[in-house]
$ cat start_39.pdb   # PDB, C-alpha atoms
ATOM      1  CA  MET A   1       0.000   0.000   0.000
ATOM      2  CA  ALA A   2       2.771   2.418   0.925
ATOM      3  CA  PHE A   3       4.705   1.757  -2.294
ATOM      4  CA  THR A   4       1.558   2.440  -4.291
ATOM      5  CA  LEU A   5       0.751   5.656  -2.446
ATOM      6  CA  ALA A   6       4.358   6.848  -2.716
ATOM      7  CA  ALA A   7       4.277   6.213  -6.470
ATOM      8  CA  ILE A   8       1.314   8.559  -6.801
ATOM      9  CA  GLU A   9       2.260  11.437  -4.505
ATOM     10  CA  PRO A  10       2.772  12.090  -0.785
ATOM     11  CA  THR A  11      -0.599  12.405   0.927
ATOM     12  CA  ARG A  12      -1.983  12.619   4.446
ATOM     13  CA  VAL A  13      -2.919   8.974   4.162
ATOM     14  CA  LEU A  14       0.661   8.080   3.223
ATOM     15  CA  ALA A  15       1.955   9.903   6.303
ATOM     16  CA  THR A  16      -0.313   7.720   8.448
ATOM     17  CA  VAL A  17       0.858   4.544   6.698
ATOM     18  CA  ASP A  18       4.484   5.645   7.106
ATOM     19  CA  GLY A  19       3.957   5.903  10.855
ATOM     20  CA  HIS A  20       2.773   2.303  10.973
ATOM     21  CA  ILE A  21       5.688   1.151   8.820
ATOM     22  CA  GLU A  22       8.210   2.862  11.072
ATOM     23  CA  THR A  23       6.671   1.247  14.168
ATOM     24  CA  ILE A  24       6.592  -2.212  12.588
ATOM     25  CA  THR A  25      10.176  -1.851  11.359
ATOM     26  CA  ARG A  26      11.459  -0.947  14.835
ATOM     27  CA  VAL A  27       9.607  -3.857  16.421
ATOM     28  CA  ARG A  28      10.910  -6.259  13.766
ATOM     29  CA  LEU A  29      14.482  -4.997  14.251
ATOM     30  CA  ALA A  30      14.319  -5.439  18.017
ATOM     31  CA  THR A  31      12.933  -8.953  17.616
ATOM     32  CA  ALA A  32      15.609  -9.873  15.065
ATOM     33  CA  HIS A  33      18.471  -8.645  17.249
ATOM     34  CA  ARG A  34      17.103 -10.607  20.236
ATOM     35  CA  ARG A  35      16.936 -13.709  18.048
ATOM     36  CA  ILE A  36      20.571 -13.261  16.999
ATOM     37  CA  ASP A  37      21.603 -12.666  20.632
ATOM     38  CA  HIS A  38      19.994 -15.992  21.583
ATOM     39  CA  GLY A  39      21.707 -17.821  18.719
ATOM     40  CA  ASP A  40      18.450 -19.002  17.146
ATOM     41  CA  LEU A  41      17.954 -19.516  13.413
ATOM     42  CA  PRO A  42      15.868 -16.921  11.568
ATOM     43  CA  ASP A  43      12.749 -17.503   9.577
ATOM     44  CA  LYS A  44      13.271 -16.287   6.026
ATOM     45  CA  GLY A  45      10.389 -13.873   6.613
ATOM     46  CA  GLU A  46      12.585 -12.033   9.094
ATOM     47  CA  TYR A  47      14.884 -10.698   6.413
ATOM     48  CA  ASP A  48      13.416 -11.287   2.951
ATOM     49  CA  LEU A  49      12.108  -8.749   0.435
ATOM     50  CA  MET A  50       8.501  -9.905   0.256
ATOM     51  CA  ALA A  51       7.712 -10.025   3.976
ATOM     52  CA  GLY A  52      10.801  -9.055   5.923
ATOM     53  CA  LEU A  53      13.201  -6.301   6.863
ATOM     54  CA  THR A  54      14.772  -6.094   3.408
ATOM     55  CA  GLY A  55      11.344  -5.116   2.108
ATOM     56  CA  PHE A  56      10.895  -2.490   4.810
ATOM     57  CA  GLY A  57      14.374  -1.136   4.104
ATOM     58  CA  THR A  58      13.625  -1.028   0.388
ATOM     59  CA  TYR A  59      10.530   1.047   1.046
ATOM     60  CA  LEU A  60      12.431   3.420   3.364
ATOM     61  CA  LEU A  61      15.033   3.912   0.635
ATOM     62  CA  ARG A  62      12.321   4.590  -1.953
ATOM     63  CA  ARG A  63      10.412   6.961   0.307
ATOM     64  CA  TYR A  64      13.079   8.984   2.087
ATOM     65  CA  GLY A  65      16.523   8.131   0.787
ATOM     66  CA  GLU A  66      18.958   8.292   3.677
ATOM     67  CA  GLY A  67      17.603   8.176   7.226
ATOM     68  CA  PRO A  68      18.424   6.738  10.661
ATOM     69  CA  LEU A  69      15.852   3.940  10.445
ATOM     70  CA  LEU A  70      17.202   2.769   7.092
ATOM     71  CA  ARG A  71      20.680   2.750   8.615
ATOM     72  CA  ASP A  72      19.343   0.570  11.426
ATOM     73  CA  VAL A  73      17.996  -1.874   8.834
ATOM     74  CA  LEU A  74      21.372  -1.934   7.082
ATOM     75  CA  ALA A  75      23.143  -2.537  10.416
ATOM     76  CA  TYR A  76      20.853  -5.524  10.991
ATOM     77  CA  LEU A  77      21.573  -6.904   7.513
ATOM     78  CA  VAL A  78      25.313  -6.570   8.157
ATOM     79  CA  ARG A  79      24.884  -8.493  11.396
ATOM     80  CA  LEU A  80      22.767 -11.105   9.577
ATOM     81  CA  THR A  81      25.703 -11.928   7.310
ATOM     82  CA  GLU A  82      28.081 -12.718  10.172
ATOM     83  CA  PRO A  83      28.888 -16.451  10.411
ATOM     84  CA  ARG A  84      27.226 -18.437  13.171
ATOM     85  CA  PRO A  85      29.288 -20.326  15.791
ATOM     86  CA  ASP A  86      28.233 -23.602  14.109
ATOM     87  CA  GLY A  87      29.819 -22.444  10.843
ATOM     88  CA  LEU A  88      26.556 -21.842   9.006
ATOM     89  CA  PRO A  89      25.907 -18.457   7.383
ATOM     90  CA  GLY A  90      23.915 -16.118   9.573
ATOM     91  CA  TRP A  91      20.911 -16.201   7.254
ATOM     92  CA  TRP A  92      20.516 -19.999   7.457
ATOM     93  CA  ALA A  93      16.755 -20.248   7.831
ATOM     94  CA  ALA A  94      14.633 -22.364  10.131
ATOM     95  CA  HIS A  95      12.231 -23.479   7.405
ATOM     96  CA  GLY A  96      12.303 -24.570   3.784
ATOM     97  CA  PRO A  97      11.507 -22.333   0.808
ATOM     98  CA  THR A  98       7.742 -22.591   1.253
ATOM     99  CA  GLY A  99       7.451 -23.368   4.951
ATOM    100  CA  ALA A 100       8.225 -26.146   7.411
ATOM    101  CA  LYS A 101       8.285 -29.155   5.066
ATOM    102  CA  SER A 102       9.602 -32.560   6.079
ATOM    103  CA  ALA A 103      11.776 -32.608   2.961
ATOM    104  CA  TRP A 104      13.928 -29.916   4.544
ATOM    105  CA  HIS A 105      15.204 -31.742   7.624
ATOM    106  CA  GLY A 106      18.174 -29.884   9.065
ATOM    107  CA  ARG A 107      16.927 -26.516   7.881
ATOM    108  CA  HIS A 108      17.904 -24.844   4.627
ATOM    109  CA  GLY A 109      20.492 -22.268   3.578
ATOM    110  CA  SER A 110      18.011 -19.601   2.740
ATOM    111  CA  ASN A 111      16.817 -19.233  -0.772
ATOM    112  CA  LEU A 112      19.457 -17.719  -2.986
ATOM    113  CA  GLY A 113      16.899 -15.596  -4.808
ATOM    114  CA  VAL A 114      15.835 -11.958  -4.545
ATOM    115  CA  SER A 115      12.262 -12.370  -3.326
ATOM    116  CA  HIS A 116      12.804 -14.701  -0.352
ATOM    117  CA  GLY A 117      16.553 -15.282  -0.240
ATOM    118  CA  ILE A 118      19.891 -13.683   0.477
ATOM    119  CA  ALA A 119      20.154 -11.958  -2.920
ATOM    120  CA  GLY A 120      17.497  -9.521  -1.643
ATOM    121  CA  PRO A 121      19.650  -8.218   1.242
ATOM    122  CA  LEU A 122      22.622  -8.115  -1.143
ATOM    123  CA  ALA A 123      20.690  -5.938  -3.595
ATOM    124  CA  LEU A 124      19.560  -3.534  -0.856
ATOM    125  CA  LEU A 125      23.069  -3.253   0.584
ATOM    126  CA  ALA A 126      24.316  -2.519  -2.933
ATOM    127  CA  GLN A 127      21.560  -0.044  -3.826
ATOM    128  CA  THR A 128      22.138   1.996  -0.679
ATOM    129  CA  HIS A 129      25.929   1.852  -1.058
ATOM    130  CA  ARG A 130      25.633   3.214  -4.618
ATOM    131  CA  ARG A 131      23.591   6.122  -3.274
ATOM    132  CA  GLY A 132      26.251   6.987  -0.710
ATOM    133  CA  ILE A 133      24.317   5.497   2.225
ATOM    134  CA  GLN A 134      27.063   3.474   3.863
ATOM    135  CA  ILE A 135      27.640   2.057   7.322
ATOM    136  CA  ALA A 136      30.500   0.149   8.951
ATOM    137  CA  GLU A 137      31.161  -3.314   7.505
ATOM    138  CA  GLN A 138      28.623  -2.850   4.693
ATOM    139  CA  SER A 139      31.105  -3.755   1.956
ATOM    140  CA  HIS A 140      32.328  -6.729   4.012
ATOM    141  CA  ALA A 141      28.738  -7.948   4.305
ATOM    142  CA  MET A 142      28.339  -7.789   0.529
ATOM    143  CA  HIS A 143      31.565  -9.731   0.058
ATOM    144  CA  ARG A 144      30.378 -12.429   2.498
ATOM    145  CA  ILE A 145      27.154 -12.900   0.532
ATOM    146  CA  LEU A 146      28.972 -12.859  -2.795
ATOM    147  CA  GLY A 147      31.462 -15.447  -1.573
ATOM    148  CA  TRP A 148      28.654 -17.757  -0.496
ATOM    149  CA  LEU A 149      26.865 -17.359  -3.820
ATOM    150  CA  ASP A 150      30.142 -18.202  -5.572
ATOM    151  CA  GLN A 151      30.188 -21.580  -3.801
ATOM    152  CA  TRP A 152      26.911 -22.574  -5.426
ATOM    153  CA  PHE A 153      27.457 -21.311  -8.948
ATOM    154  CA  ASP A 154      27.147 -24.095 -11.518
ATOM    155  CA  ARG A 155      29.803 -23.302 -14.128
ATOM    156  CA  THR A 156      28.577 -26.101 -16.379
ATOM    157  CA  GLY A 157      24.955 -24.998 -16.413
ATOM    158  CA  MET A 158      25.805 -21.304 -15.895
ATOM    159  CA  CYS A 159      23.207 -20.832 -13.177
ATOM    160  CA  TRP A 160      22.561 -20.749  -9.440
ATOM    161  CA  PRO A 161      20.193 -23.076  -7.565
ATOM    162  CA  GLY A 162      17.070 -21.670  -5.949
ATOM    163  CA  ALA A 163      17.913 -22.953  -2.469
ATOM    164  CA  VAL A 164      20.406 -25.194  -0.691
ATOM    165  CA  SER A 165      19.560 -27.900   1.868
ATOM    166  CA  ARG A 166      21.624 -28.838   4.919
ATOM    167  CA  PRO A 167      23.025 -32.039   3.342
ATOM    168  CA  GLU A 168      24.085 -30.012   0.306
ATOM    169  CA  GLN A 169      25.685 -27.409   2.543
ATOM    170  CA  ASP A 170      27.579 -30.116   4.455
ATOM    171  CA  THR A 171      28.829 -31.918   1.346
ATOM    172  CA  GLY A 172      29.253 -28.887  -0.894
ATOM    173  CA  GLU A 173      27.320 -30.685  -3.632
ATOM    174  CA  ALA A 174      24.888 -28.330  -5.318
ATOM    175  CA  PRO A 175      21.368 -29.347  -6.398
ATOM    176  CA  ARG A 176      21.414 -30.964  -9.825
ATOM    177  CA  GLU A 177      18.144 -29.586 -11.116
ATOM    178  CA  THR A 178      18.458 -26.366 -13.118
ATOM    179  CA  PRO A 179      15.914 -23.848 -11.799
ATOM    180  CA  ARG A 180      13.691 -21.814 -14.082
ATOM    181  CA  PRO A 181      15.329 -18.474 -14.894
ATOM    182  CA  SER A 182      13.055 -16.233 -12.840
ATOM    183  CA  TRP A 183      13.334 -12.942 -11.018
ATOM    184  CA  CYS A 184      12.135 -14.410  -7.727
ATOM    185  CA  TYR A 185      14.316 -17.502  -7.254
ATOM    186  CA  GLY A 186      16.417 -17.928 -10.348
ATOM    187  CA  THR A 187      19.513 -16.723 -12.137
ATOM    188  CA  PRO A 188      18.179 -13.376 -13.487
ATOM    189  CA  GLY A 189      17.318 -11.957 -10.074
ATOM    190  CA  ILE A 190      20.505 -13.281  -8.464
ATOM    191  CA  ALA A 191      22.540 -11.907 -11.363
ATOM    192  CA  ARG A 192      20.983  -8.443 -11.013
ATOM    193  CA  ALA A 193      21.797  -8.363  -7.283
ATOM    194  CA  GLN A 194      25.409  -9.276  -8.042
ATOM    195  CA  GLN A 195      25.654  -6.723 -10.844
ATOM    196  CA  LEU A 196      24.473  -4.023  -8.438
ATOM    197  CA  ALA A 197      27.041  -5.198  -5.893
ATOM    198  CA  GLY A 198      29.798  -5.032  -8.495
ATOM    199  CA  LEU A 199      28.759  -1.506  -9.414
ATOM    200  CA  ALA A 200      28.606  -0.487  -5.754
ATOM    201  CA  LEU A 201      32.023  -1.935  -4.951
ATOM    202  CA  GLY A 202      33.650  -0.607  -8.118
ATOM    203  CA  ASP A 203      34.611  -4.197  -8.983
ATOM    204  CA  THR A 204      34.469  -4.679 -12.755
ATOM    205  CA  HIS A 205      34.885  -8.463 -12.526
ATOM    206  CA  ARG A 206      32.031  -8.716 -10.029
ATOM    207  CA  GLN A 207      29.890  -6.698 -12.394
ATOM    208  CA  ARG A 208      30.783  -8.560 -15.597
ATOM    209  CA  PHE A 209      30.485 -12.062 -14.147
ATOM    210  CA  PRO A 210      26.683 -11.944 -13.576
ATOM    211  CA  GLU A 211      26.194 -10.115 -16.884
ATOM    212  CA  THR A 212      28.001 -12.928 -18.699
ATOM    213  CA  THR A 213      25.968 -15.481 -16.761
ATOM    214  CA  LEU A 214      22.665 -13.880 -17.745
ATOM    215  CA  ALA A 215      23.738 -13.745 -21.393
ATOM    216  CA  ALA A 216      24.543 -17.472 -21.254
ATOM    217  CA  CYS A 217      21.176 -18.154 -19.649
ATOM    218  CA  LEU A 218      19.349 -16.237 -22.375
ATOM    219  CA  ALA A 219      21.196 -18.185 -25.058
ATOM    220  CA  ASP A 220      20.372 -21.535 -23.432
ATOM    221  CA  ASP A 221      17.128 -22.976 -24.827
ATOM    222  CA  HIS A 222      17.021 -25.518 -21.991
ATOM    223  CA  GLN A 223      16.957 -22.819 -19.337
ATOM    224  CA  ILE A 224      14.559 -20.371 -20.945
ATOM    225  CA  GLY A 225      12.355 -23.275 -21.992
ATOM    226  CA  LYS A 226      11.446 -23.678 -18.322
ATOM    227  CA  LEU A 227       9.539 -20.388 -18.397
ATOM    228  CA  THR A 228       5.824 -20.985 -18.803
ATOM    229  CA  ALA A 229       4.217 -17.969 -17.126
ATOM    230  CA  VAL A 230       4.223 -14.377 -18.361
ATOM    231  CA  GLY A 231       4.382 -12.480 -15.056
ATOM    232  CA  LEU A 232       7.179 -10.554 -13.380
ATOM    233  CA  CYS A 233       7.708 -12.959 -10.498
ATOM    234  CA  HIS A 234       8.601 -16.149 -12.350
ATOM    235  CA  GLY A 235       7.710 -15.540 -15.962
ATOM    236  CA  TRP A 236       8.805 -14.006 -19.236
ATOM    237  CA  SER A 237       8.220 -10.385 -18.224
ATOM    238  CA  GLY A 238      10.442 -10.822 -15.165
ATOM    239  CA  MET A 239      13.198 -12.044 -17.459
ATOM    240  CA  LEU A 240      12.512  -9.130 -19.816
ATOM    241  CA  HIS A 241      12.603  -6.439 -17.171
ATOM    242  CA  THR A 242      15.671  -7.820 -15.404
ATOM    243  CA  THR A 243      17.524  -8.115 -18.720
ATOM    244  CA  TRP A 244      16.485  -4.598 -19.742
ATOM    245  CA  ARG A 245      17.735  -3.177 -16.443
ATOM    246  CA  MET A 246      21.035  -5.075 -16.633
ATOM    247  CA  SER A 247      21.547  -4.140 -20.281
ATOM    248  CA  GLN A 248      21.871  -0.501 -19.240
ATOM    249  CA  HIS A 249      25.349  -1.448 -18.010
ATOM    250  CA  ASP A 250      26.269  -4.121 -20.565
ATOM    251  CA  VAL A 251      26.048  -3.688 -24.324
ATOM    252  CA  ARG A 252      26.059  -7.478 -24.850
ATOM    253  CA  LEU A 253      22.697  -7.841 -23.171
ATOM    254  CA  ARG A 254      21.042  -5.257 -25.413
ATOM    255  CA  ALA A 255      20.607  -7.889 -28.112
ATOM    256  CA  TYR A 256      18.058  -9.827 -26.025
ATOM    257  CA  PRO A 257      15.157  -7.480 -25.115
ATOM    258  CA  PRO A 258      13.648  -7.560 -28.652
ATOM    259  CA  MET A 259      13.294 -11.356 -28.438
ATOM    260  CA  LEU A 260      11.852 -11.122 -24.928
ATOM    261  CA  ILE A 261       9.450  -8.343 -25.932
ATOM    262  CA  ASP A 262       8.170 -10.624 -28.675
ATOM    263  CA  ARG A 263       7.714 -13.523 -26.224
ATOM    264  CA  VAL A 264       5.840 -11.401 -23.676
ATOM    265  CA  THR A 265       3.634  -9.805 -26.344
ATOM    266  CA  LYS A 266       2.673 -13.182 -27.826
ATOM    267  CA  ARG A 267       2.014 -14.708 -24.401
ATOM    268  CA  LEU A 268      -0.269 -11.854 -23.437
ATOM    269  CA  ALA A 269      -2.188 -12.262 -26.683
ATOM    270  CA  GLN A 270      -2.404 -16.059 -26.638
ATOM    271  CA  GLN A 271      -2.423 -16.941 -22.928
ATOM    272  CA  PRO A 272      -3.251 -13.857 -20.852
ATOM    273  CA  PRO A 273      -2.857 -14.437 -17.106
ATOM    274  CA  VAL A 274      -5.951 -14.825 -14.974
ATOM    275  CA  ASP A 275      -4.407 -12.515 -12.391
ATOM    276  CA  SER A 276      -4.456  -8.792 -13.131
ATOM    277  CA  GLY A 277      -1.872  -7.786 -10.531
ATOM    278  CA  LEU A 278       1.757  -6.714 -10.472
ATOM    279  CA  LEU A 279       3.758  -9.821  -9.589
ATOM    280  CA  THR A 280       2.023 -12.546 -11.559
ATOM    281  CA  GLY A 281      -0.579 -10.699 -13.591
ATOM    282  CA  GLU A 282      -1.092  -8.590 -16.659
ATOM    283  CA  ALA A 283      -0.281  -5.253 -15.001
ATOM    284  CA  GLY A 284       3.298  -6.269 -14.276
ATOM    285  CA  ALA A 285       3.771  -7.760 -17.726
ATOM    286  CA  ARG A 286       2.553  -4.580 -19.430
ATOM    287  CA  LEU A 287       4.741  -2.395 -17.214
ATOM    288  CA  SER A 288       7.770  -4.425 -18.267
ATOM    289  CA  LEU A 289       6.772  -4.018 -21.920
ATOM    290  CA  HIS A 290       6.338  -0.263 -21.456
ATOM    291  CA  ALA A 291       9.793   0.096 -19.915
ATOM    292  CA  ALA A 292      11.549  -1.982 -22.573
ATOM    293  CA  THR A 293       9.754  -0.537 -25.594
ATOM    294  CA  THR A 294      10.041   3.110 -24.518
ATOM    295  CA  ASP A 295      13.482   2.564 -22.952
ATOM    296  CA  GLN A 296      12.361   4.212 -19.742
ATOM    297  CA  THR A 297      10.432   3.511 -16.573
ATOM    298  CA  PRO A 298       7.684   5.856 -15.447
ATOM    299  CA  LEU A 299       8.635   8.542 -12.958
ATOM    300  CA  THR A 300       6.833   6.456 -10.327
ATOM    301  CA  ARG A 301       9.818   4.045 -10.307
ATOM    302  CA  TRP A 302       7.439   1.124  -9.932
ATOM    303  CA  ASP A 303      10.257  -1.469 -10.040
ATOM    304  CA  ALA A 304      11.867  -0.086  -6.873
ATOM    305  CA  CYS A 305       9.729  -2.526  -4.879
ATOM    306  CA  LEU A 306      11.430  -5.405  -6.729
ATOM    307  CA  LEU A 307      14.947  -4.028  -6.097
ATOM    308  CA  LEU A 308      15.477  -3.851  -9.861
ATOM    309  CA  ASP A 309      15.581  -0.083 -10.288
ATOM    310  CA  GLY A 310      18.837   1.529 -11.242
TER
END

$ encode --input "start_39.pdb" --output "structure tokens"
Amino acid sequence: MAFTLAAIEPTRVLATVDGHIETITRVRLATAHRRIDHGDLPDKGEYDLMAGLTGFGTYLLRRYGEGPLLRDVLAYLVRLTEPRPDGLPGWWAAHGPTGAKSAWHGRHGSNLGVSHGIAGPLALLAQTHRRGIQIAEQSHAMHRILGWLDQWFDRTGMCWPGAVSRPEQDTGEAPRETPRPSWCYGTPGIARAQQLAGLALGDTHRQRFPETTLAACLADDHQIGKLTAVGLCHGWSGMLHTTWRMSQHDVRLRAYPPMLIDRVTKRLAQQPPVDSGLLTGEAGARLSLHAATTDQTPLTRWDACLLLDG
């Protein structure tokens, strides 16, 4: 609601909503720090973009730019990346990707993706750093996340897995199944977060590596053949918008939006989504088409809520 109101214009209603958001954010931060003090594992909803503190921080960045509460969120994310005494990364979550499933005995290593995984905090740390909003250890936190993502990169398939289980973490053997190339869990979203980190850190290799990976993904019929939906979350328009955003920093990727525009346009004509909303519906798909075909996003910066904006 707040993102929508902020995209229109500041109003009295928005000021009321902002008050609630600030209160919730402070309560969430206090709860998260107590959890870390006790040594407990987090739920992914503590820190993720869709339901957690990364999402609240993303809104604070969109709404105000720099501010003390946003800095508190960043300080929490830095602390989240510190290794646990048991050797697991600090974001190792207490439940599997979609809840407490028996298939995830021993917990899971947090999703790698932007929507529910550690790529979301990475993108927010990078976005704020690029805007000159920097706190102690912020760059070290980004490097810790990047190093962990490096461990799970499949150089044969040129992709990252969606999530890692405890047995996989213990053995170092990555999941064999190639995930669909989505914004939410897959290679495009993870690549965008790493590109932003490379730009923030002034590390050309860190920037070029995910750009090369996305280009390989787009050229791989096996990977893009896994896309069946049209929406932003896990469909063709998510691939389109992520590629369009990343292509603003890499001339190689500029060859792919025309093909993706064609795919999204045909899907909308032949198999329009039942949902009309932003993440999985027609609205999001048409916004991605507007951005790519006009080579600009509206002044509302609608993709800020997805941590894709530049």

$ resolve_selection --input "start_39.pdb" --expression "the PyMOL selection byres ((chain A and resi 291) around 12)" --output "MDAnalysis selection string"
chainID A and resid 237:238 240:245 257 261 284:290 292:303 309

$ resolve_selection --input "start_39.pdb" --expression "the PyMOL selection byres ((chain A and resi 42-50) around 9)" --output "ChimeraX atom specification"
/A:28-29,32,35-36,40-41,51-58,77,80,90-97,110-111,114-121,305-307

$ resolve_selection --input "start_39.pdb" --expression "the PyMOL selection byres ((chain A and resi 26) around 12)" --output "number ranges by chain"
A: 19-25, 27-33, 53, 56-57, 68-73, 76

$ closest_residue --input "start_39.pdb" --among "A:Thr81, A:Thr4, A:Gln271, A:Thr128" --to "Leu199 in chain A" --atoms "all atoms listed in the file"
A:Thr128

$ atom_distance --input "start_39.pdb" --atom1 "CA of Val78 in chain A" --atom2 "CA of Leu122 in chain A"
9.8 Å

$ closest_residue --input "start_39.pdb" --among "A:Gln127, A:Gln194, A:Ser182, A:Gln207" --to "Gly231 in chain A" --atoms "all atoms listed in the file"
A:Ser182
